[in-house]
Amino acid sequence: KQILVINGPNLNLLGTREPEVYGTMTLQDIESMLRTEASQLGATLDFIQSNAEHALIEAIHAARNAADFIIINPAAFTHTSVALRDAILAVNIPFIEVHLSNVHAREPFRRHSYFSDCAQAVICGLGAQGYVYALQAAMAHLKKAS
Ligand code: DQA
């Protein structure tokens, strides 16, 4: 099974970016952790991180007919991007939305997501481990569907 992991703006700075909110693991650390888990689950992972909305949209379009499932942390675009929402709906690939922090325990503007109502599930507040849970859930979902 082919899983695309998408990370949005500023997540390239994980490790040093507000570590009290986002933890001390780098995005590279998270990728390694997920690759280990993926090899155990028989999943093939593709990763993309970008600070540019258009690059994320292009990656979602490219996933059409290529990815079975998307795990996405849209970062700040969660709260702003109709275009990314439309892209993920257009390709019709099931997805889980992940946030490292508990967005509901922060500023009010983080409570609204353009993705949550169409997501298979939303995981927030569990830090980097949230991505691992998302991968496990994605594989369980794909097994059930096949
Ligand atoms: C985030 C939460 C967003 O509100 C924020 O803009 C981010 C990261 C998270 O993973 O907790 O950049 O998606």
# chains A, B, ... in the order shown; residues from 1 in each chain; ligands from 1

$ residues_around --residues "Leu100 of chain A" --least-positions-apart "5" --cutoff "12 Å" --atoms "only C-alpha atoms" --output "PyMOL selection string"
chain A and resi 7+11+14+18-25+27+30+72-75+122-134

$ write_last_selection --atoms "N, CA and C atoms" --output "mmCIF file, in the first residue's frame"
data_model
loop_
_atom_site.group_PDB
_atom_site.id
_atom_site.type_symbol
_atom_site.label_atom_id
_atom_site.label_comp_id
_atom_site.auth_asym_id
_atom_site.auth_seq_id
_atom_site.Cartn_x
_atom_site.Cartn_y
_atom_site.Cartn_z
ATOM 1 N N ASN A 7 3.393 17.310 4.871
ATOM 2 C CA ASN A 7 3.563 18.276 5.956
ATOM 3 C C ASN A 7 3.648 19.688 5.394
ATOM 4 N N LEU A 11 6.890 23.262 9.217
ATOM 5 C CA LEU A 11 7.181 21.977 9.865
ATOM 6 C C LEU A 11 8.595 21.510 9.538
ATOM 7 N N LEU A 14 10.750 21.857 12.644
ATOM 8 C CA LEU A 14 10.509 21.052 13.852
ATOM 9 C C LEU A 14 11.836 20.663 14.489
ATOM 10 N N GLU A 18 9.369 26.304 18.487
ATOM 11 C CA GLU A 18 8.518 26.229 19.679
ATOM 12 C C GLU A 18 8.486 24.813 20.263
ATOM 13 N N PRO A 19 9.627 24.315 20.728
ATOM 14 C CA PRO A 19 9.682 22.916 21.193
ATOM 15 C C PRO A 19 8.699 22.595 22.323
ATOM 16 N N GLU A 20 8.323 23.615 23.102
ATOM 17 C CA GLU A 20 7.358 23.377 24.191
ATOM 18 C C GLU A 20 5.970 23.064 23.627
ATOM 19 N N VAL A 21 5.729 23.470 22.386
ATOM 20 C CA VAL A 21 4.443 23.184 21.730
ATOM 21 C C VAL A 21 4.553 21.959 20.825
ATOM 22 N N TYR A 22 5.658 21.887 20.073
ATOM 23 C CA TYR A 22 5.746 20.882 19.005
ATOM 24 C C TYR A 22 6.727 19.745 19.289
ATOM 25 N N GLY A 23 7.407 19.801 20.441
ATOM 26 C CA GLY A 23 8.349 18.741 20.777
ATOM 27 C C GLY A 23 9.722 18.983 20.171
ATOM 28 N N THR A 24 10.620 18.049 20.417
ATOM 29 C CA THR A 24 12.016 18.256 20.021
ATOM 30 C C THR A 24 12.439 17.374 18.840
ATOM 31 N N MET A 25 11.552 16.517 18.385
ATOM 32 C CA MET A 25 11.898 15.697 17.224
ATOM 33 C C MET A 25 11.912 16.556 15.974
ATOM 34 N N LEU A 27 11.658 16.873 11.714
ATOM 35 C CA LEU A 27 10.803 16.211 10.724
ATOM 36 C C LEU A 27 11.505 14.951 10.198
ATOM 37 N N ILE A 30 10.893 12.208 12.598
ATOM 38 C CA ILE A 30 9.519 11.692 12.438
ATOM 39 C C ILE A 30 9.455 10.790 11.210
ATOM 40 N N ILE A 72 -1.968 13.853 6.433
ATOM 41 C CA ILE A 72 -1.618 15.264 6.197
ATOM 42 C C ILE A 72 -1.650 16.088 7.469
ATOM 43 N N ASN A 73 -0.551 16.816 7.687
ATOM 44 C CA ASN A 73 -0.551 17.895 8.668
ATOM 45 C C ASN A 73 -0.450 19.185 7.855
ATOM 46 N N PRO A 74 -1.593 19.818 7.613
ATOM 47 C CA PRO A 74 -1.563 21.013 6.755
ATOM 48 C C PRO A 74 -0.976 22.235 7.458
ATOM 49 N N ALA A 75 -0.608 22.074 8.749
ATOM 50 C CA ALA A 75 -0.036 23.172 9.548
ATOM 51 C C ALA A 75 -0.943 24.406 9.464
ATOM 52 N N VAL A 122 -9.219 12.582 12.721
ATOM 53 C CA VAL A 122 -8.329 13.691 13.078
ATOM 54 C C VAL A 122 -7.597 13.297 14.355
ATOM 55 N N ILE A 123 -6.280 13.446 14.337
ATOM 56 C CA ILE A 123 -5.482 13.150 15.531
ATOM 57 C C ILE A 123 -4.749 14.428 15.908
ATOM 58 N N CYS A 124 -4.950 14.911 17.121
ATOM 59 C CA CYS A 124 -4.195 16.090 17.532
ATOM 60 C C CYS A 124 -3.828 15.999 18.995
ATOM 61 N N GLY A 125 -2.670 16.576 19.323
ATOM 62 C CA GLY A 125 -2.242 16.655 20.711
ATOM 63 C C GLY A 125 -1.388 15.494 21.171
ATOM 64 N N LEU A 126 -1.075 14.566 20.283
ATOM 65 C CA LEU A 126 -0.272 13.400 20.677
ATOM 66 C C LEU A 126 1.162 13.499 20.174
ATOM 67 N N GLY A 127 1.540 14.687 19.703
ATOM 68 C CA GLY A 127 2.903 14.891 19.232
ATOM 69 C C GLY A 127 3.210 14.015 18.029
ATOM 70 N N ALA A 128 4.493 13.682 17.871
ATOM 71 C CA ALA A 128 4.942 12.910 16.705
ATOM 72 C C ALA A 128 4.287 11.533 16.645
ATOM 73 N N GLN A 129 3.951 11.003 17.801
ATOM 74 C CA GLN A 129 3.316 9.682 17.854
ATOM 75 C C GLN A 129 1.999 9.668 17.074
ATOM 76 N N GLY A 130 1.373 10.828 16.957
ATOM 77 C CA GLY A 130 0.121 10.932 16.206
ATOM 78 C C GLY A 130 0.264 10.439 14.769
ATOM 79 N N TYR A 131 1.428 10.688 14.163
ATOM 80 C CA TYR A 131 1.657 10.225 12.785
ATOM 81 C C TYR A 131 1.700 8.692 12.735
ATOM 82 N N VAL A 132 2.285 8.095 13.765
ATOM 83 C CA VAL A 132 2.378 6.624 13.809
ATOM 84 C C VAL A 132 0.984 6.024 13.938
ATOM 85 N N TYR A 133 0.185 6.604 14.822
ATOM 86 C CA TYR A 133 -1.194 6.120 14.969
ATOM 87 C C TYR A 133 -1.958 6.283 13.654
ATOM 88 N N ALA A 134 -1.719 7.388 12.977
ATOM 89 C CA ALA A 134 -2.405 7.629 11.700
ATOM 90 C C ALA A 134 -2.010 6.558 10.683
#

$ residues_around --residues "Ala55 of chain A" --least-positions-apart "2" --cutoff "12 Å" --atoms "only C-alpha atoms" --output "list in words"
Ile6, Asn7, Gly8, Pro9, Ile48, Gln49, Ser50, Asn51, Ala52, Glu53, Ile57, Glu58, Ala59, Ile60, His61, Ala62, Ala83, Leu84 and Ala87 of chain A

$ write_last_selection --atoms "C-alpha atoms" --output "PDB file, in the first residue's frame"
ATOM      1  CA  ILE A   6       2.228  15.622   3.610  1.00  0.00           C
ATOM      2  CA  ASN A   7       3.563  18.276   5.956  1.00  0.00           C
ATOM      3  CA  GLY A   8       2.778  21.942   5.513  1.00  0.00           C
ATOM      4  CA  PRO A   9       4.524  25.227   6.269  1.00  0.00           C
ATOM      5  CA  ILE A  48       6.606  15.846   1.089  1.00  0.00           C
ATOM      6  CA  GLN A  49       7.048  18.993   3.138  1.00  0.00           C
ATOM      7  CA  SER A  50       6.576  22.408   1.637  1.00  0.00           C
ATOM      8  CA  ASN A  51       6.045  25.953   2.795  1.00  0.00           C
ATOM      9  CA  ALA A  52       4.250  26.742  -0.464  1.00  0.00           C
ATOM     10  CA  GLU A  53       0.566  26.107  -0.955  1.00  0.00           C
ATOM     11  CA  ILE A  57      -1.592  21.187  -4.162  1.00  0.00           C
ATOM     12  CA  GLU A  58       0.616  19.774  -6.950  1.00  0.00           C
ATOM     13  CA  ALA A  59       1.697  16.915  -4.659  1.00  0.00           C
ATOM     14  CA  ILE A  60      -1.926  16.050  -3.948  1.00  0.00           C
ATOM     15  CA  HIS A  61      -2.762  16.122  -7.672  1.00  0.00           C
ATOM     16  CA  ALA A  62       0.220  13.855  -8.372  1.00  0.00           C
ATOM     17  CA  ALA A  83      -7.556  25.453  -2.192  1.00  0.00           C
ATOM     18  CA  LEU A  84      -5.858  22.574  -0.344  1.00  0.00           C
ATOM     19  CA  ALA A  87      -7.405  19.522  -3.933  1.00  0.00           C
TER      20      ALA A  87
END

$ residues_around --residues "Gln120 of chain A" --least-positions-apart "5" --cutoff "9 Å" --atoms "only C-alpha atoms" --output "list in words"
Pro94, Phe95, Ile96 and Glu97 of chain A

$ write_last_selection --atoms "N, CA and C atoms" --output "short mmCIF file (atom, residue, chain, number, x, y, z; two decimals), in the first residue's frame"
data_model
loop_
_atom_site.label_atom_id
_atom_site.label_comp_id
_atom_site.auth_asym_id
_atom_site.auth_seq_id
_atom_site.Cartn_x
_atom_site.Cartn_y
_atom_site.Cartn_z
N PRO A 94 -8.75 8.84 0.59
CA PRO A 94 -9.05 8.99 2.02
C PRO A 94 -7.84 9.54 2.78
N PHE A 95 -8.11 10.35 3.79
CA PHE A 95 -6.98 10.93 4.53
C PHE A 95 -7.27 11.08 6.02
N ILE A 96 -6.19 11.11 6.78
CA ILE A 96 -6.25 11.43 8.20
C ILE A 96 -5.48 12.72 8.42
N GLU A 97 -6.10 13.62 9.17
CA GLU A 97 -5.49 14.92 9.50
C GLU A 97 -4.76 14.77 10.83
#

$ select_by_dssp --residues "chain A" --states "strand (DSSP E or B)" --output "list in words"
Gln2, Ile3, Leu4, Val5, Ile6, Asn7, Thr44, Leu45, Asp46, Phe47, Ile48, Gln49, Phe69, Ile70, Ile71, Ile72, Asn73, Phe95, Ile96, Glu97, Val98, His99, Ala121, Val122, Ile123 and Cys124 of chain A

$ write_last_selection --atoms "C-alpha atoms" --output "compact mmCIF listing (two decimals), in the first residue's frame"
# COMPACT_ATOMS: atom_id res chain seq x y z
CA GLN A 2 1.21 3.46 -0.96
CA ILE A 3 0.82 6.19 1.65
CA LEU A 4 1.62 9.85 1.07
CA VAL A 5 2.66 11.87 4.12
CA ILE A 6 2.23 15.62 3.61
CA ASN A 7 3.56 18.28 5.96
CA THR A 44 5.41 2.23 1.21
CA LEU A 45 5.75 5.86 2.21
CA ASP A 46 6.25 9.04 0.22
CA PHE A 47 7.02 12.25 2.06
CA ILE A 48 6.61 15.85 1.09
CA GLN A 49 7.05 18.99 3.14
CA PHE A 69 -4.10 7.02 1.52
CA ILE A 70 -2.87 10.44 2.63
CA ILE A 71 -1.67 11.48 6.08
CA ILE A 72 -1.62 15.26 6.20
CA ASN A 73 -0.55 17.90 8.67
CA PHE A 95 -6.98 10.93 4.53
CA ILE A 96 -6.25 11.43 8.20
CA GLU A 97 -5.49 14.92 9.50
CA VAL A 98 -2.69 15.08 12.07
CA HIS A 99 -1.57 17.90 14.35
CA ALA A 121 -10.14 10.89 11.30
CA VAL A 122 -8.33 13.69 13.08
CA ILE A 123 -5.48 13.15 15.53
CA CYS A 124 -4.19 16.09 17.53

$ closest_residue --among "A:Val103, A:Ala66, A:Leu56, A:Leu34" --to "ligand 1" --atoms "only C-alpha atoms and all ligand atoms"
A:Val103

$ residues_around --residues "Asp86 of chain A" --least-positions-apart "4" --cutoff "10 Å" --atoms "only C-alpha atoms" --output "CSV table (one decimal) with C-alpha atoms, in the first residue's frame"
chain,number,residue,atom,x,y,z
A,57,ILE,CA,-1.6,21.2,-4.2
A,81,SER,CA,-6.7,27.0,2.7
A,82,VAL,CA,-9.9,26.3,0.7
A,90,ALA,CA,-10.7,16.4,-6.0
A,91,VAL,CA,-8.4,13.4,-5.9
A,92,ASN,CA,-10.8,11.5,-3.7
A,114,TYR,CA,-10.9,23.3,6.5
A,115,PHE,CA,-10.2,19.5,6.5

$ atom_distance --atom1 "atom CA of Asn12 of chain A" --atom2 "atom CA of His112 of chain A"
22.9 Å
